[in-house]
Amino acid sequence: MKKVVILLTAMVLSFPVFAADLDATEIRDLNFMREEEKLAHDVYAVFAVKYRDLTFAKIQRSESKHFAAMGQLLERYDLEDPAASQHGLFNDPELQALYDDLIAKGNKGRVAALKVGAFIEETDILDIQEAIDNTDEKASITVYSNLLAGSRNHLIAFVGRLAKLGITYRPVELSQEAYDAIVK
């Protein structure tokens with residue numbers, strides 16, 4: 001199934017579309033999602049090393065692919081990449097503050113870090129869905145849909161890891177109903 005999704009994504013991304021075909025909201029969403037995927041990657045990279053937890057390491061690798069997919073969309077639309085190349089640095093001041101806050105919270109212990117991971121994925125799910133709702137560009141919808149599926153899987157992984165530690169995770173951003181639909 002992964003090969004089919006990758007092939008479909010590659011095919012959709014091969015058709016030329018330019019930034020002039022996008023509205024300001026679509027461009028804002030593309031830029032934001034690029035940096036938000038970087039935020040997830042960078043947070044998980046820190047916690048993968050600190051806690052030597054395979055959950056973070058595996059999801060960090062997946063976030064690298066999400067980040068790359070967003071980069072391909074930016075190239076497709078001939079948009080400048082907003083993502084800083086340095087780990088833990090963000091051009092969006094709100095994402096920079098969020099990164100700093102999440103690192104501080106996750107540094108309190110493994111359980112706190114896993115909860116940070118679940119929170120990031122909840123937030124991503126909402127933000128990706130909003131970006132999908134804001135566009136009619138097939139390439140964007142394809143990539144966003146793949147990111148959404150990944151974020152749901154990541155949320156399940158973090159919640160499952162917490163459960164193995166005897167911790168019940170309560171959703172922070174998602175409604176209980178939306179959370180239950182993903183996790184159960």
# chains A, B, ... in the order shown; residues from 1 in each chain; ligands from 1
>>> residues_around(residues="Ile128 (chain A)", least_positions_apart="3", cutoff="8 Å", atoms="only C-alpha atoms", output="list in words")
Met33, Asp124, Ile125, Ala131, Ile132, Tyr144, Ser145, Leu147 and Leu148 of chain A
>>> write_last_selection(atoms="N, CA and C atoms", output="compact mmCIF listing (two decimals), in the first residue's frame")
# COMPACT_ATOMS: atom_id res chain seq x y z
N MET A 33 2.71 24.41 7.64
CA MET A 33 2.83 22.96 7.75
C MET A 33 4.28 22.50 7.56
N ASP A 124 -1.24 18.52 15.16
CA ASP A 124 -1.02 18.29 13.73
C ASP A 124 -2.30 17.85 13.04
N ILE A 125 -3.03 16.95 13.66
CA ILE A 125 -4.27 16.44 13.07
C ILE A 125 -5.23 17.60 12.78
N ALA A 131 -5.87 22.71 6.87
CA ALA A 131 -5.20 22.97 5.59
C ALA A 131 -5.92 22.26 4.44
N ILE A 132 -6.39 21.05 4.68
CA ILE A 132 -7.16 20.32 3.65
C ILE A 132 -8.43 21.10 3.32
N TYR A 144 -1.29 16.39 2.19
CA TYR A 144 -1.90 16.60 3.50
C TYR A 144 -2.61 15.34 4.01
N SER A 145 -3.30 14.64 3.12
CA SER A 145 -4.01 13.42 3.53
C SER A 145 -3.04 12.36 4.02
N LEU A 147 -0.10 13.03 5.36
CA LEU A 147 0.38 13.53 6.65
C LEU A 147 -0.65 13.25 7.75
N LEU A 148 -1.91 13.44 7.42
CA LEU A 148 -2.99 13.21 8.38
C LEU A 148 -3.01 11.75 8.83
>>> residues_around(residues="Met70 (chain A)", least_positions_apart="4", cutoff="12 Å", atoms="only C-alpha atoms", output="JSON, numbers by chain")
{"A": [9, 13, 27, 29, 30, 31, 32, 33, 34, 35, 36, 37, 38, 63, 64, 65, 66, 74, 75, 76, 77, 79, 80, 81, 82, 83, 128, 139, 140, 141, 142, 143, 144, 145, 146, 147]}
>>> residues_around(residues="Thr168 (chain A)", least_positions_apart="5", cutoff="12 Å", atoms="only C-alpha atoms", output="number ranges by chain")
A: 111, 114-115, 118, 158-163, 183
>>> residues_around(residues="Glu122 (chain A)", least_positions_apart="2", cutoff="10 Å", atoms="only C-alpha atoms", output="mmCIF file with N, CA and C atoms, in the first residue's frame")
data_model
loop_
_atom_site.group_PDB
_atom_site.id
_atom_site.type_symbol
_atom_site.label_atom_id
_atom_site.label_comp_id
_atom_site.auth_asym_id
_atom_site.auth_seq_id
_atom_site.Cartn_x
_atom_site.Cartn_y
_atom_site.Cartn_z
ATOM 1 N N VAL A 116 3.987 14.957 25.388
ATOM 2 C CA VAL A 116 4.301 16.016 24.435
ATOM 3 C C VAL A 116 4.127 15.491 23.019
ATOM 4 N N GLY A 117 4.613 14.279 22.761
ATOM 5 C CA GLY A 117 4.457 13.681 21.440
ATOM 6 C C GLY A 117 2.994 13.535 21.054
ATOM 7 N N ALA A 118 2.178 13.053 21.982
ATOM 8 C CA ALA A 118 0.748 12.897 21.702
ATOM 9 C C ALA A 118 0.105 14.261 21.448
ATOM 10 N N PHE A 119 0.488 15.256 22.237
ATOM 11 C CA PHE A 119 -0.034 16.613 22.045
ATOM 12 C C PHE A 119 0.324 17.149 20.661
ATOM 13 N N ILE A 120 1.575 16.948 20.241
ATOM 14 C CA ILE A 120 2.006 17.412 18.919
ATOM 15 C C ILE A 120 1.140 16.772 17.843
ATOM 16 N N ASP A 124 -1.236 18.517 15.161
ATOM 17 C CA ASP A 124 -1.023 18.294 13.726
ATOM 18 C C ASP A 124 -2.305 17.854 13.042
ATOM 19 N N ILE A 125 -3.030 16.947 13.664
ATOM 20 C CA ILE A 125 -4.274 16.442 13.067
ATOM 21 C C ILE A 125 -5.227 17.600 12.782
ATOM 22 N N LEU A 126 -5.395 18.467 13.753
ATOM 23 C CA LEU A 126 -6.300 19.611 13.568
ATOM 24 C C LEU A 126 -5.778 20.575 12.507
ATOM 25 N N ASP A 127 -4.487 20.864 12.550
ATOM 26 C CA ASP A 127 -3.905 21.806 11.588
ATOM 27 C C ASP A 127 -3.925 21.257 10.168
ATOM 28 N N SER A 151 -0.078 11.245 11.140
ATOM 29 C CA SER A 151 -0.285 11.832 12.470
ATOM 30 C C SER A 151 -1.238 10.993 13.315
ATOM 31 N N ARG A 152 -2.241 10.434 12.683
ATOM 32 C CA ARG A 152 -3.144 9.542 13.426
ATOM 33 C C ARG A 152 -2.379 8.320 13.938
ATOM 34 N N HIS A 154 0.812 8.137 14.506
ATOM 35 C CA HIS A 154 1.754 8.575 15.533
ATOM 36 C C HIS A 154 1.043 8.780 16.866
ATOM 37 N N LEU A 155 -0.142 9.365 16.823
ATOM 38 C CA LEU A 155 -0.916 9.539 18.053
ATOM 39 C C LEU A 155 -1.190 8.179 18.691
ATOM 40 N N PRO A 171 -6.997 13.463 25.806
ATOM 41 C CA PRO A 171 -6.755 14.428 24.729
ATOM 42 C C PRO A 171 -6.786 15.865 25.242
ATOM 43 N N VAL A 172 -5.931 16.667 24.652
ATOM 44 C CA VAL A 172 -5.809 18.078 25.020
ATOM 45 C C VAL A 172 -6.444 18.967 23.952
ATOM 46 N N GLU A 173 -6.197 18.666 22.693
ATOM 47 C CA GLU A 173 -6.655 19.486 21.569
ATOM 48 C C GLU A 173 -7.884 18.898 20.871
ATOM 49 N N LEU A 174 -7.898 17.605 20.705
ATOM 50 C CA LEU A 174 -9.009 16.936 20.034
ATOM 51 C C LEU A 174 -10.182 16.775 20.990
ATOM 52 N N SER A 175 -11.385 16.746 20.445
ATOM 53 C CA SER A 175 -12.539 16.403 21.261
ATOM 54 C C SER A 175 -12.400 14.942 21.669
ATOM 55 N N ALA A 178 -13.513 12.735 18.743
ATOM 56 C CA ALA A 178 -12.538 12.631 17.651
ATOM 57 C C ALA A 178 -11.351 11.774 18.070
ATOM 58 N N TYR A 179 -10.889 11.973 19.294
ATOM 59 C CA TYR A 179 -9.784 11.182 19.842
ATOM 60 C C TYR A 179 -10.140 9.696 19.859
#
>>> closest_residue(among="A:Gly109, A:Gly71, A:Asp100, A:Ala57", to="His87 (chain A)", atoms="only C-alpha atoms")
A:Asp100
>>> closest_residue(among="A:Asp136, A:Thr55, A:Leu89, A:Asn107", to="Lys164 (chain A)", atoms="only C-alpha atoms")
A:Thr55
>>> select_by_dssp(residues="region 17-164 of chain A", states="alpha helix (DSSP H)", output="PyMOL selection string")
chain A and resi 24-51+54-76+93-106+110-133+138-164
>>> closest_residue(among="A:Glu121, A:Asp78, A:Glu26, A:Asp53", to="Leu39 (chain A)", atoms="only C-alpha atoms")
A:Glu121
>>> closest_residue(among="A:Ala40, A:Ala149, A:Arg52, A:Asn134", to="Leu98 (chain A)", atoms="only C-alpha atoms")
A:Ala40
>>> atom_distance(atom1="CA of Gly150 (chain A)", atom2="CA of Pro93 (chain A)")
25.4 Å
>>> atom_distance(atom1="CA of Ala112 (chain A)", atom2="CA of Phe47 (chain A)")
10.4 Å
>>> decode(residues="region 72-127 of chain A", atoms="C-alpha atoms", output="PDB file, in the first residue's frame")
ATOM      1  CA  GLN A  72       8.358  19.069  -2.433  1.00  0.00           C
ATOM      2  CA  LEU A  73       5.048  20.932  -2.345  1.00  0.00           C
ATOM      3  CA  LEU A  74       6.842  24.222  -1.809  1.00  0.00           C
ATOM      4  CA  GLU A  75       9.094  23.440  -4.789  1.00  0.00           C
ATOM      5  CA  ARG A  76       6.089  22.451  -6.896  1.00  0.00           C
ATOM      6  CA  TYR A  77       4.452  25.810  -6.236  1.00  0.00           C
ATOM      7  CA  ASP A  78       7.778  27.647  -6.567  1.00  0.00           C
ATOM      8  CA  LEU A  79       7.543  28.994  -3.020  1.00  0.00           C
ATOM      9  CA  GLU A  80      10.469  29.951  -0.827  1.00  0.00           C
ATOM     10  CA  ASP A  81      11.129  27.468   1.978  1.00  0.00           C
ATOM     11  CA  PRO A  82      10.391  29.062   5.374  1.00  0.00           C
ATOM     12  CA  ALA A  83      12.150  26.339   7.369  1.00  0.00           C
ATOM     13  CA  ALA A  84      15.432  27.170   9.042  1.00  0.00           C
ATOM     14  CA  SER A  85      18.153  24.608   8.435  1.00  0.00           C
ATOM     15  CA  GLN A  86      19.336  24.598  12.046  1.00  0.00           C
ATOM     16  CA  HIS A  87      17.786  22.131  14.475  1.00  0.00           C
ATOM     17  CA  GLY A  88      15.348  23.761  16.910  1.00  0.00           C
ATOM     18  CA  LEU A  89      15.127  27.093  15.084  1.00  0.00           C
ATOM     19  CA  PHE A  90      11.918  28.342  13.472  1.00  0.00           C
ATOM     20  CA  ASN A  91      11.056  31.456  11.493  1.00  0.00           C
ATOM     21  CA  ASP A  92       7.497  31.454  12.840  1.00  0.00           C
ATOM     22  CA  PRO A  93       7.780  33.006  16.330  1.00  0.00           C
ATOM     23  CA  GLU A  94       4.754  31.052  17.591  1.00  0.00           C
ATOM     24  CA  LEU A  95       6.301  27.764  16.517  1.00  0.00           C
ATOM     25  CA  GLN A  96       9.609  28.796  18.083  1.00  0.00           C
ATOM     26  CA  ALA A  97       7.859  29.492  21.397  1.00  0.00           C
ATOM     27  CA  LEU A  98       5.933  26.223  21.133  1.00  0.00           C
ATOM     28  CA  TYR A  99       9.123  24.265  20.420  1.00  0.00           C
ATOM     29  CA  ASP A 100      10.870  25.804  23.423  1.00  0.00           C
ATOM     30  CA  ASP A 101       7.855  25.086  25.662  1.00  0.00           C
ATOM     31  CA  LEU A 102       7.493  21.483  24.482  1.00  0.00           C
ATOM     32  CA  ILE A 103      11.183  20.747  24.987  1.00  0.00           C
ATOM     33  CA  ALA A 104      10.988  22.162  28.514  1.00  0.00           C
ATOM     34  CA  LYS A 105       7.905  20.042  29.292  1.00  0.00           C
ATOM     35  CA  GLY A 106       9.370  16.893  27.785  1.00  0.00           C
ATOM     36  CA  ASN A 107      12.650  17.296  29.631  1.00  0.00           C
ATOM     37  CA  LYS A 108      10.782  16.552  32.880  1.00  0.00           C
ATOM     38  CA  GLY A 109      10.774  12.829  32.136  1.00  0.00           C
ATOM     39  CA  ARG A 110       9.914  10.078  29.664  1.00  0.00           C
ATOM     40  CA  VAL A 111       6.173  10.150  30.440  1.00  0.00           C
ATOM     41  CA  ALA A 112       6.076  13.928  30.012  1.00  0.00           C
ATOM     42  CA  ALA A 113       7.920  13.595  26.697  1.00  0.00           C
ATOM     43  CA  LEU A 114       5.486  10.947  25.442  1.00  0.00           C
ATOM     44  CA  LYS A 115       2.596  13.223  26.390  1.00  0.00           C
ATOM     45  CA  VAL A 116       4.301  16.016  24.435  1.00  0.00           C
ATOM     46  CA  GLY A 117       4.457  13.681  21.440  1.00  0.00           C
ATOM     47  CA  ALA A 118       0.748  12.897  21.702  1.00  0.00           C
ATOM     48  CA  PHE A 119      -0.034  16.613  22.045  1.00  0.00           C
ATOM     49  CA  ILE A 120       2.006  17.412  18.919  1.00  0.00           C
ATOM     50  CA  GLU A 121       0.123  14.791  16.929  1.00  0.00           C
ATOM     51  CA  GLU A 122      -3.256  16.026  18.165  1.00  0.00           C
ATOM     52  CA  THR A 123      -2.308  19.539  17.079  1.00  0.00           C
ATOM     53  CA  ASP A 124      -1.023  18.294  13.726  1.00  0.00           C
ATOM     54  CA  ILE A 125      -4.274  16.442  13.067  1.00  0.00           C
ATOM     55  CA  LEU A 126      -6.300  19.611  13.568  1.00  0.00           C
ATOM     56  CA  ASP A 127      -3.905  21.806  11.588  1.00  0.00           C
TER      57      ASP A 127
END
